[in-house]
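Asks: File model08.cif below, mmCIF, C-alpha atoms:
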```
data_structure
#
loop_
_atom_site.label_atom_id
_atom_site.label_comp_id
_atom_site.auth_asym_id
_atom_site.auth_seq_id
_atom_site.Cartn_x
_atom_site.Cartn_y
_atom_site.Cartn_z
CA MET A 1 27.28 23.53 -4.69
CA LEU A 2 29.98 21.61 -6.50
CA LYS A 3 30.40 22.35 -10.19
CA LEU A 4 30.29 19.62 -12.83
CA TYR A 5 34.07 19.47 -13.28
CA GLU A 6 34.58 19.16 -9.52
CA ARG A 7 32.05 16.32 -9.32
CA ILE A 8 33.73 14.39 -12.15
CA ARG A 9 37.19 14.82 -10.65
CA THR A 10 36.02 13.86 -7.14
CA LEU A 11 34.09 10.80 -8.33
CA ARG A 12 36.97 9.58 -10.51
CA ARG A 13 39.49 9.84 -7.71
CA LYS A 14 37.08 8.18 -5.26
CA SER A 15 36.67 5.29 -7.70
CA GLY A 16 40.44 4.84 -7.95
CA LYS A 17 40.44 5.25 -11.74
CA THR A 18 42.98 7.22 -13.72
CA GLN A 19 41.92 9.69 -16.39
CA GLU A 20 43.08 7.20 -19.02
CA GLU A 21 41.03 4.36 -17.51
CA LEU A 22 37.90 6.50 -17.36
CA ALA A 23 38.48 7.61 -20.95
CA ASP A 24 38.74 3.97 -22.12
CA ILE A 25 35.46 3.07 -20.35
CA LEU A 26 33.63 6.00 -21.92
CA GLY A 27 35.22 5.68 -25.36
CA VAL A 28 36.72 9.18 -25.33
CA SER A 29 40.26 10.53 -25.22
CA SER A 30 42.15 11.10 -21.98
CA GLN A 31 42.53 14.71 -23.09
CA ALA A 32 38.74 15.05 -23.08
CA VAL A 33 38.57 13.79 -19.49
CA SER A 34 41.36 16.20 -18.52
CA ARG A 35 39.42 19.11 -20.05
CA TRP A 36 36.25 18.13 -18.18
CA GLU A 37 38.07 18.03 -14.86
CA SER A 38 39.70 21.43 -15.42
CA GLY A 39 36.45 23.09 -16.46
CA GLY A 40 37.63 23.57 -20.03
CA GLY A 41 34.85 21.47 -21.57
CA TYR A 42 31.81 19.29 -20.86
CA PRO A 43 30.73 15.75 -21.73
CA ASP A 44 28.23 15.66 -24.59
CA THR A 45 24.63 14.52 -24.07
CA GLU A 46 25.43 10.97 -25.25
CA THR A 47 28.34 10.60 -22.83
CA LEU A 48 26.61 11.99 -19.71
CA PRO A 49 24.42 8.89 -19.06
CA ARG A 50 27.45 6.58 -19.44
CA LEU A 51 29.46 8.80 -17.11
CA ALA A 52 26.71 8.75 -14.47
CA ASN A 53 26.36 4.96 -14.78
CA CYS A 54 30.11 4.52 -14.46
CA PHE A 55 30.04 6.14 -11.02
CA GLY A 56 26.63 4.78 -10.01
CA VAL A 57 25.02 8.23 -9.68
CA SER A 58 22.28 10.15 -11.45
CA ILE A 59 22.84 12.86 -14.04
CA ASP A 60 21.19 15.28 -11.61
CA TYR A 61 23.85 14.39 -9.06
CA LEU A 62 26.61 15.24 -11.55
CA PHE A 63 25.14 18.71 -11.98
CA GLY A 64 24.48 19.20 -8.27
CA TYR A 65 20.69 19.11 -8.56
CA GLU A 66 20.16 15.95 -6.51
CA GLY A 67 18.99 17.79 -3.41
CA ASP A 68 16.42 19.79 -5.36
CA ARG A 69 15.17 16.71 -7.14
CA GLU A 70 14.90 14.67 -3.94
CA ARG A 71 12.94 17.42 -2.23
CA ARG A 72 10.64 17.96 -5.22
CA VAL A 73 9.91 14.24 -5.71
CA ARG A 74 9.32 13.69 -2.00
CA GLU A 75 6.96 16.68 -1.78
CA LEU A 76 5.05 15.51 -4.84
CA THR A 77 4.68 11.87 -3.73
CA ASP A 78 3.69 12.94 -0.20
CA ARG A 79 1.06 15.28 -1.61
CA VAL A 80 -0.37 12.64 -3.93
CA GLU A 81 -0.41 10.07 -1.12
CA ARG A 82 -2.42 12.42 1.11
CA MET A 83 -4.83 13.13 -1.73
CA ALA A 84 -5.17 9.45 -2.69
CA TRP A 85 -6.34 8.49 0.80
CA GLN A 86 -9.39 10.72 0.28
CA ASN A 87 -10.66 8.27 -2.35
CA GLU A 88 -11.39 5.39 0.00
CA TYR A 89 -15.16 5.46 -0.63
CA GLU A 90 -15.51 7.31 -3.94
CA ASP A 91 -13.43 8.88 -6.68
CA VAL A 92 -12.78 12.32 -5.22
CA ASN A 93 -9.56 13.44 -6.89
CA LEU A 94 -7.86 10.50 -8.61
CA ASP A 95 -7.67 12.33 -11.95
CA ALA A 96 -5.92 15.23 -10.19
CA CYS A 97 -3.46 12.76 -8.61
CA ILE A 98 -2.72 11.23 -12.00
CA ALA A 99 -2.20 14.65 -13.56
CA LEU A 100 0.23 15.70 -10.81
CA LEU A 101 2.30 12.55 -11.25
CA ARG A 102 2.39 12.94 -15.03
CA GLU A 103 3.67 16.51 -14.55
CA GLY A 104 6.34 15.17 -12.21
CA LEU A 105 7.39 12.53 -14.71
CA ALA A 106 7.60 15.16 -17.44
CA GLU A 107 10.07 16.99 -15.21
CA TYR A 108 11.90 13.85 -14.05
CA PRO A 109 11.40 11.19 -16.73
CA GLY A 110 11.73 7.64 -15.51
CA ASP A 111 11.85 8.47 -11.78
CA GLU A 112 10.97 5.17 -10.09
CA ARG A 113 9.24 6.73 -7.08
CA LEU A 114 6.92 8.78 -9.27
CA ARG A 115 6.21 5.79 -11.50
CA ILE A 116 5.29 3.46 -8.60
CA ALA A 117 3.12 6.24 -7.15
CA LEU A 118 1.36 6.45 -10.53
CA VAL A 119 0.85 2.68 -10.45
CA ASP A 120 -0.87 2.98 -7.07
CA VAL A 121 -3.21 5.74 -8.25
CA LEU A 122 -4.02 3.99 -11.55
CA SER A 123 -4.79 0.80 -9.62
CA ARG A 124 -7.14 2.69 -7.28
CA LYS A 125 -8.82 4.31 -10.26
CA GLY A 126 -9.23 0.92 -11.93
CA TRP A 127 -10.81 -0.65 -8.85
CA MET A 128 -13.02 2.37 -8.24
CA HIS A 129 -14.49 2.18 -11.73
CA HIS A 130 -14.48 -1.59 -12.16
CA ASP A 131 -17.99 -2.82 -12.92
CA PHE A 132 -18.57 -5.27 -10.07
CA HIS A 133 -21.72 -7.39 -10.08
CA VAL A 134 -22.32 -8.26 -6.45
CA GLY A 135 -23.93 -11.65 -6.10
CA GLU A 136 -22.54 -12.86 -9.42
CA ASP A 137 -18.93 -13.14 -8.28
CA TYR A 138 -19.02 -16.93 -7.71
CA GLY A 139 -18.60 -19.45 -10.49
CA GLU A 140 -20.45 -22.74 -10.86
CA ASP A 141 -17.85 -24.43 -8.65
CA GLY A 142 -18.65 -22.01 -5.83
CA TYR A 143 -15.34 -20.13 -5.90
CA ILE A 144 -14.85 -16.42 -6.50
CA ARG A 145 -14.26 -15.69 -10.17
CA TYR A 146 -13.22 -12.65 -12.21
CA ASP A 147 -14.93 -11.45 -15.35
CA VAL A 148 -11.89 -11.21 -17.60
CA ASP A 149 -13.84 -9.67 -20.47
CA ARG A 150 -14.78 -6.65 -18.35
CA VAL A 151 -11.25 -6.38 -16.96
CA GLU A 152 -9.73 -6.09 -20.43
CA THR A 153 -11.57 -2.80 -20.96
CA ASN A 154 -10.04 -1.23 -17.85
CA SER A 155 -7.58 1.29 -19.32
CA TRP A 156 -6.18 2.29 -15.90
CA TRP A 157 -5.17 -1.28 -15.11
CA ALA A 158 -3.70 -1.67 -18.59
CA GLU A 159 -1.37 1.29 -18.02
CA ALA A 160 -0.52 0.12 -14.50
CA LYS A 161 0.32 -3.32 -15.91
CA SER A 162 2.76 -1.85 -18.43
CA LEU A 163 4.48 0.25 -15.75
CA CYS A 164 4.67 -2.70 -13.35
CA GLU A 165 6.20 -5.02 -15.92
CA GLU A 166 9.02 -2.53 -16.45
CA LEU A 167 9.54 -1.66 -12.76
CA SER A 168 9.37 -5.24 -11.46
CA ALA A 169 12.13 -6.23 -13.87
CA HIS A 170 14.42 -3.19 -13.88
CA ALA A 171 13.81 -0.86 -10.91
CA GLU A 172 17.00 -0.11 -8.98
CA SER A 173 15.15 -0.02 -5.65
CA MET A 174 14.33 -3.47 -4.25
CA GLU A 175 11.31 -2.03 -2.46
CA ILE A 176 9.92 -0.54 -5.67
CA ARG A 177 10.58 -3.78 -7.58
CA THR A 178 8.67 -5.68 -4.91
CA LYS A 179 5.76 -3.22 -4.87
CA ALA A 180 5.52 -3.36 -8.64
CA ALA A 181 5.64 -7.16 -8.61
CA ARG A 182 2.85 -7.34 -6.04
CA GLU A 183 0.59 -5.06 -8.05
CA LEU A 184 1.45 -6.89 -11.27
CA ILE A 185 0.55 -10.23 -9.68
CA ARG A 186 -2.87 -8.82 -8.76
CA ILE A 187 -3.40 -7.45 -12.26
CA TYR A 188 -2.37 -10.74 -13.87
CA ARG A 189 -4.78 -12.62 -11.57
CA THR A 190 -7.64 -10.25 -12.34
CA ASN A 191 -6.90 -10.59 -16.06
CA GLY A 192 -7.03 -14.37 -15.75
CA GLU A 193 -3.25 -14.67 -16.36
CA CYS A 194 -2.74 -16.81 -13.27
CA LYS A 195 0.27 -18.73 -14.62
CA LYS A 196 2.13 -15.45 -15.08
CA ALA A 197 1.06 -14.34 -11.61
CA LEU A 198 2.31 -17.54 -9.98
CA ALA A 199 5.59 -17.49 -11.90
CA LEU A 200 6.27 -13.94 -10.73
CA ALA A 201 5.22 -14.73 -7.16
CA ASP A 202 7.70 -17.63 -7.12
CA THR A 203 10.56 -15.19 -7.68
CA MET A 204 9.76 -13.32 -4.44
CA PRO A 205 11.42 -14.18 -1.08
CA PRO A 206 9.46 -16.35 1.38
CA LEU A 207 7.68 -14.85 4.39
CA ALA A 208 10.55 -15.59 6.77
CA PHE A 209 12.77 -13.21 4.80
CA SER A 210 10.43 -10.21 4.89
CA ARG A 211 11.70 -6.89 6.18
CA GLU A 212 9.53 -6.96 9.30
CA ILE A 213 10.69 -10.40 10.42
CA LEU A 214 14.34 -9.78 9.58
CA ARG A 215 14.27 -6.61 11.68
CA THR A 216 13.35 -8.74 14.72
CA GLU A 217 16.62 -10.63 14.18
CA ALA A 218 18.73 -7.50 13.80
CA THR A 219 19.04 -6.62 17.49
CA PHE A 220 18.28 -7.91 21.01
CA GLY A 221 17.11 -6.84 24.45
CA ALA A 222 15.06 -3.67 24.85
CA GLU A 223 15.86 -2.57 21.29
CA GLN A 224 14.25 -5.74 19.96
CA GLU A 225 10.86 -4.85 21.44
CA GLY A 226 10.11 -2.33 18.71
CA PRO A 227 10.72 -4.61 15.71
CA LEU A 228 8.91 -7.48 17.48
CA GLY A 229 5.81 -5.36 18.02
CA GLU A 230 5.87 -4.03 14.48
CA ALA A 231 6.20 -7.53 13.01
CA LEU A 232 3.39 -8.90 15.18
CA LEU A 233 1.03 -6.13 14.08
CA GLU A 234 1.84 -6.58 10.40
CA LEU A 235 1.46 -10.35 10.65
CA ALA A 236 -1.86 -9.95 12.49
CA TYR A 237 -3.11 -7.62 9.76
CA GLU A 238 -2.04 -9.87 6.89
CA PHE A 239 -3.36 -12.97 8.69
CA ALA A 240 -6.77 -11.37 9.25
CA GLU A 241 -7.03 -10.26 5.62
CA LEU A 242 -6.06 -13.68 4.29
CA LEU A 243 -8.34 -15.53 6.70
CA VAL A 244 -11.38 -13.52 5.67
CA TYR A 245 -10.50 -13.93 2.00
CA ALA A 246 -10.11 -17.68 2.47
CA VAL A 247 -13.60 -17.73 3.96
CA VAL A 248 -15.29 -15.62 1.28
CA ASN A 249 -13.42 -17.36 -1.54
CA ARG A 250 -15.89 -20.29 -1.53
CA LYS A 251 -19.63 -19.79 -1.37
CA GLN A 252 -20.24 -23.19 0.24
CA HIS A 253 -18.51 -21.96 3.39
CA PHE A 254 -21.64 -19.96 4.14
CA GLU A 255 -24.01 -22.91 4.19
CA THR A 256 -23.53 -22.99 7.99
CA SER A 257 -22.48 -20.39 10.58
CA TRP A 258 -18.89 -21.65 10.33
CA PRO A 259 -17.55 -18.28 9.01
CA VAL A 260 -18.65 -16.54 12.23
CA GLY A 261 -16.02 -18.37 14.26
CA LYS A 262 -13.31 -17.58 11.73
CA VAL A 263 -13.98 -13.83 11.78
CA LYS A 264 -14.17 -13.88 15.57
CA GLY A 265 -10.79 -15.62 15.53
CA ALA A 266 -9.29 -12.87 13.38
CA ILE A 267 -10.58 -10.27 15.83
CA ALA A 268 -9.16 -12.29 18.72
CA VAL A 269 -5.65 -12.02 17.23
CA PHE A 270 -5.82 -8.24 17.61
CA ASP A 271 -7.32 -8.65 21.09
CA LEU A 272 -4.33 -10.80 22.00
CA LEU A 273 -1.93 -8.05 20.95
CA ALA A 274 -3.98 -5.23 22.49
CA ASP A 275 -4.11 -6.89 25.92
CA GLY A 276 -6.33 -4.10 27.23
CA GLY A 277 -4.24 -1.37 25.61
CA GLN A 278 -4.52 0.69 22.46
CA ILE A 279 -3.25 -0.60 19.08
CA GLY A 280 -3.43 2.68 17.18
CA ILE A 281 -4.13 2.43 13.47
CA TYR A 282 -4.94 -1.28 13.74
CA HIS A 283 -8.17 -0.40 15.50
CA ARG A 284 -9.35 0.35 11.96
CA GLU A 285 -8.83 -3.28 10.92
CA ARG A 286 -10.62 -4.56 14.00
CA ALA A 287 -13.49 -2.13 13.30
CA TYR A 288 -13.80 -3.47 9.75
CA LEU A 289 -13.74 -7.08 10.98
CA ASN A 290 -16.59 -6.26 13.37
CA LEU A 291 -18.59 -4.75 10.50
CA TYR A 292 -18.34 -8.01 8.59
CA LEU A 293 -19.03 -10.03 11.72
CA SER A 294 -22.29 -8.12 12.25
CA ARG A 295 -23.42 -9.04 8.74
CA LEU A 296 -22.71 -12.73 9.38
CA LEU A 297 -24.30 -12.80 12.83
CA TRP A 298 -27.50 -11.26 11.49
CA GLU A 299 -27.68 -13.72 8.60
CA TYR A 300 -27.50 -16.62 11.05
CA GLY A 301 -30.22 -15.21 13.29
CA GLN A 302 -28.01 -13.77 16.05
CA PHE A 303 -29.61 -10.33 15.92
CA ASP A 304 -28.54 -8.91 19.30
CA GLU A 305 -24.99 -10.14 18.76
CA ALA A 306 -24.97 -8.46 15.33
CA PHE A 307 -25.63 -5.07 16.86
CA ALA A 308 -23.10 -5.76 19.60
CA ALA A 309 -20.54 -6.23 16.82
CA LEU A 310 -21.60 -2.94 15.23
CA ASN A 311 -21.09 -1.20 18.57
CA ASN A 312 -17.64 -2.77 18.86
CA ALA A 313 -16.83 -1.45 15.39
CA TYR A 314 -17.98 1.99 16.54
CA LYS A 315 -15.74 1.85 19.63
CA ASP A 316 -12.69 0.83 17.61
CA ALA A 317 -13.34 3.56 15.04
CA ARG A 318 -13.57 6.15 17.81
CA VAL A 319 -10.23 5.03 19.23
CA TYR A 320 -8.68 5.12 15.74
CA ASP A 321 -9.97 8.65 15.07
CA ALA A 322 -8.75 9.90 18.45
CA PHE A 323 -5.35 8.29 17.90
CA THR A 324 -4.76 9.75 14.44
CA ALA A 325 -5.89 13.21 15.61
CA SER A 326 -3.80 13.21 18.77
CA GLY A 327 -0.35 13.69 17.30
CA ASP A 328 0.93 11.39 20.07
CA TYR A 329 1.60 8.31 18.01
CA HIS A 330 2.48 5.67 20.57
CA TYR A 331 0.87 2.32 21.24
CA THR A 332 -0.12 1.61 24.83
CA ALA A 333 -0.49 -2.18 24.54
CA PRO A 334 2.36 -3.80 26.55
CA LEU A 335 3.81 -5.86 23.69
CA LEU A 336 3.76 -2.86 21.37
CA ARG A 337 4.98 0.00 23.53
CA ARG A 338 8.27 0.39 21.59
CA ALA A 339 6.82 -0.31 18.14
CA ALA A 340 7.01 2.52 15.60
CA VAL A 341 3.72 3.74 14.16
CA ARG A 342 3.45 3.64 10.37
CA LYS A 343 1.91 7.06 9.76
CA GLU A 344 1.73 6.39 6.02
CA LEU A 345 -1.14 4.00 6.78
CA PHE A 346 -3.34 6.76 8.21
CA ALA A 347 -6.48 7.19 6.13
CA GLU A 348 -7.17 10.84 5.33
CA SER A 349 -10.67 10.43 3.96
CA GLY A 350 -12.33 11.96 7.00
CA SER A 351 -13.54 10.34 10.19
CA LEU A 352 -13.47 6.54 10.18
CA THR A 353 -16.40 6.57 12.61
CA GLU A 354 -18.56 8.72 10.35
CA ASN A 355 -17.79 6.51 7.36
CA LEU A 356 -18.61 3.18 9.05
CA PRO A 357 -22.19 2.96 7.66
CA GLU A 358 -20.85 3.48 4.11
CA SER A 359 -18.11 0.89 4.68
CA TRP A 360 -20.48 -1.80 5.99
CA PRO A 361 -20.14 -4.76 5.58
CA MET A 362 -16.58 -4.18 4.25
CA TRP A 363 -16.32 -7.61 2.55
CA CYS A 364 -19.20 -7.90 0.10
CA ASN A 365 -19.17 -11.64 -0.61
CA PRO A 366 -21.61 -13.33 -0.63
CA ASP A 367 -24.27 -10.84 -1.72
CA TYR A 368 -25.19 -8.80 1.37
CA GLU A 369 -28.13 -6.78 0.02
CA ASN A 370 -30.84 -8.89 1.67
CA VAL A 371 -29.05 -8.71 5.03
CA LYS A 372 -28.67 -4.95 4.72
CA ASN A 373 -32.34 -4.48 3.92
CA GLU A 374 -33.34 -6.56 6.94
CA MET A 375 -30.95 -4.86 9.36
CA GLN A 376 -32.12 -1.43 8.29
CA THR A 377 -35.67 -2.27 9.35
CA ASP A 378 -34.43 -2.69 12.92
CA SER A 379 -34.56 0.62 14.84
CA ARG A 380 -31.12 -0.11 16.25
CA TRP A 381 -29.58 0.38 12.81
CA GLU A 382 -30.72 4.00 12.60
CA GLU A 383 -29.54 4.61 16.16
CA TRP A 384 -26.12 3.17 15.28
CA VAL A 385 -25.85 5.33 12.16
CA LYS A 386 -26.72 8.44 14.19
CA ARG A 387 -24.02 7.61 16.71
CA CYS A 388 -21.47 7.19 13.93
CA LYS A 389 -22.43 10.49 12.29
CA SER A 390 -22.49 12.40 15.58
CA ARG A 391 -19.26 14.29 16.11
CA GLU A 392 -19.89 14.31 19.83
CA GLY A 393 -19.79 10.51 19.97
CA GLY A 394 -21.11 8.71 23.02
#
```
Take the structure I supplied and represent it as structure tokens, if you would.

Replies:
Amino acid sequence: MLKLYERIRTLRRKSGKTQEELADILGVSSQAVSRWESGGGYPDTETLPRLANCFGVSIDYLFGYEGDRERRVRELTDRVERMAWQNEYEDVNLDACIALLREGLAEYPGDERLRIALVDVLSRKGWMHHDFHVGEDYGEDGYIRYDVDRVETNSWWAEAKSLCEELSAHAESMEIRTKAARELIRIYRTNGECKKALALADTMPPLAFSREILRTEATFGAEQEGPLGEALLELAYEFAELLVYAVVNRKQHFETSWPVGKVKGAIAVFDLLADGGQIGIYHRERAYLNLYLSRLLWEYGQFDEAFAALNNAYKDARVYDAFTASGDYHYTAPLLRRAAVRKELFAESGSLTENLPESWPMWCNPDYENVKNEMQTDSRWEEWVKRCKSREGG
């Protein structure tokens, strides 16, 4: 491990600066710099941050602790991420996640990766304990609304908002700035601060300049297959989410069976990519779409089709569970065979198949309680639940 004086000397020479030039930048004497580089003295606590900034490194790097810090932060964020996935259906350990991240930040104050991880957990906690009133989420104009008064009492979102405002403006990592901006836009919207949300959104790059699309332009031939498949899957996922939200956003859309065709269309996008093969973790999204489709089909009197959709959700969930448990993370669909699998998207809250009944209908707008009560009177509902809960499958 290099000692502090060796690091200073190496970094100065690499930068092309003389001892006198470095001294002028830091506001110290050239003799002081000479002493540092010979091991005869050390920068004081006020000078160390300026010295690190001058060379574009961290203070930990100057002291040779960078490897330890990187390993510790990575282990901590990986651990919290695994724990956080367990809270998909209820608050299992979010307080423990928050406590772990606060301990990490006490050890490494200001670390951007720990702070954005804390934002994610605080956001989850806020949503988990937000007092939703299903059936009352549409305003008089028929569009989804947010109860700003109830949002203002959400202390987890308030802390996440403060962290995001700092990170979105000053984080060194572009990825962290973008993640913070996205979460801040959602918080602003939920708080009713839509002008702020739109202004921040307008500072972000357009879709064509996203990482996934730009990667498709970075190579050609066989090597291009991977980025193309990855971009198509991400676009399919985002398209499906936005399409369903566009449908549920206005209550009048449900005055006819029009939404059924839209949800079927979202499912068809994944079918187009699957082409008879397996699409790995994206079977989860198709399973969720089929849950919502079953709710719509039942409401419009297509009872047999509703249970066919539930069975399709079951099949997709089984494929997802088998894929994530296999350890062989490769897509088999022709267009996706070279695409990398994003293992960070794996849910670790148990079997997706077993949790399907609790997830139904996935999107709760409009109020689904009457549909649920009716479907549960059909014997096929109980049979479907038993299949989902059975570890043997079938």

Asks: Go through the shown structure with the PyMOL selection byres ((chain A and resi 58) around 12) and write out the matching residues as a list in words.

Replies: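 Applying the PyMOL selection byres ((chain A and resi 58) around 12) to the structure shown produces Arg7, Leu48, Pro49, Arg50, Leu51, Ala52, Asn53, Cys54, Phe55, Gly56, Val57, Ile59, Asp60, Tyr61, Leu62, Phe63, Gly64, Tyr65, Glu66, Gly67, Arg69, Glu70, Tyr108, Gly110, Asp111 and Glu172 of chain A.
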
Asks: So how many Å separate CA of Lys161 in chain A and CA of Lys196 in chain A, to one decimal?

Replies: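 These two atoms are separated by 12.3 Å.
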
Asks: Looking at A:Met375, A:Ile98, A:Ala308, A:Leu293, which one is nearest to Pro361 in chain A, with distances taken over all atoms listed in the file?

Replies: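 Going through A:Met375, A:Ile98, A:Ala308, A:Leu293 one by one, the smallest distance to Pro361 in chain A is for A:Leu293.
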
Asks: Using all atoms listed in the file for the distances, tell me which of A:Ala333, A:Ser257, A:Ser294, A:Phe303 is nearest to Gln278 in chain A.

Replies: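 Looking only at the distances to Gln278 in chain A, the closest residue turns out to be A:Ala333.
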
Asks: Hey, what comes out of the PyMOL selection byres ((chain A and resi 32) around 12) on this file? Could you write it as a PyMOL selection string?

Replies: chain A and resi 5+19-20+22-24+26-31+33-44+47

Asks: Select, from A:His253, A:Arg338, A:Arg115, A:His283, the residue with the minimum atom-to-atom distance to Ala236 in chain A, counting only C-alpha atoms.

Replies: A:His283

Asks: Taking the file as shown, what set of residues would the PyMOL selection byres ((chain A and resi 190) around 8) give back, as a ChimeraX atom specification?

Replies: /A:146-148,151,186-189,191-193

Asks: Contacts of Asp95 in chain A at 9 Å or less, counting all atoms listed in the file, minus same-chain residues fewer than 4 places along, as a ChimeraX atom specification?

Replies: /A:91,99-100,121,125

Asks: Using all atoms listed in the file, which of the listed residues (A:Leu228, A:Ile185, A:Ala266, A:Ala96) sits closest to Ala246 in chain A?

Replies: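 Closest residue, counting all atoms listed in the file: A:Ala266.
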
Asks: Mind working out the centre and edge lengths of an axis-aligned box for range 356-372 of chain A, all listed atoms inside, 5 Å added to each side, rounded to one decimal in Å and written as lines of an AutoDock Vina configuration file?

Replies:
```
center_x = -23.6
center_y = -4.9
center_z = 3.7
size_x = 24.5
size_y = 26.8
size_z = 20.8
```

Asks: Report the distance between CA of Cys97 in chain A and CA of Gly350 in chain A in Å, rounded to one decimal place.

Replies: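 So the two atoms, CA of Cys97 in chain A and CA of Gly350 in chain A, lie 18.0 Å apart.
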
Asks: Just to confirm, what's the straight-line distance from CA of Asn93 in chain A to CA of Ala322 in chain A in Å (one decimal)?

Replies: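 So the answer is 25.6 Å.
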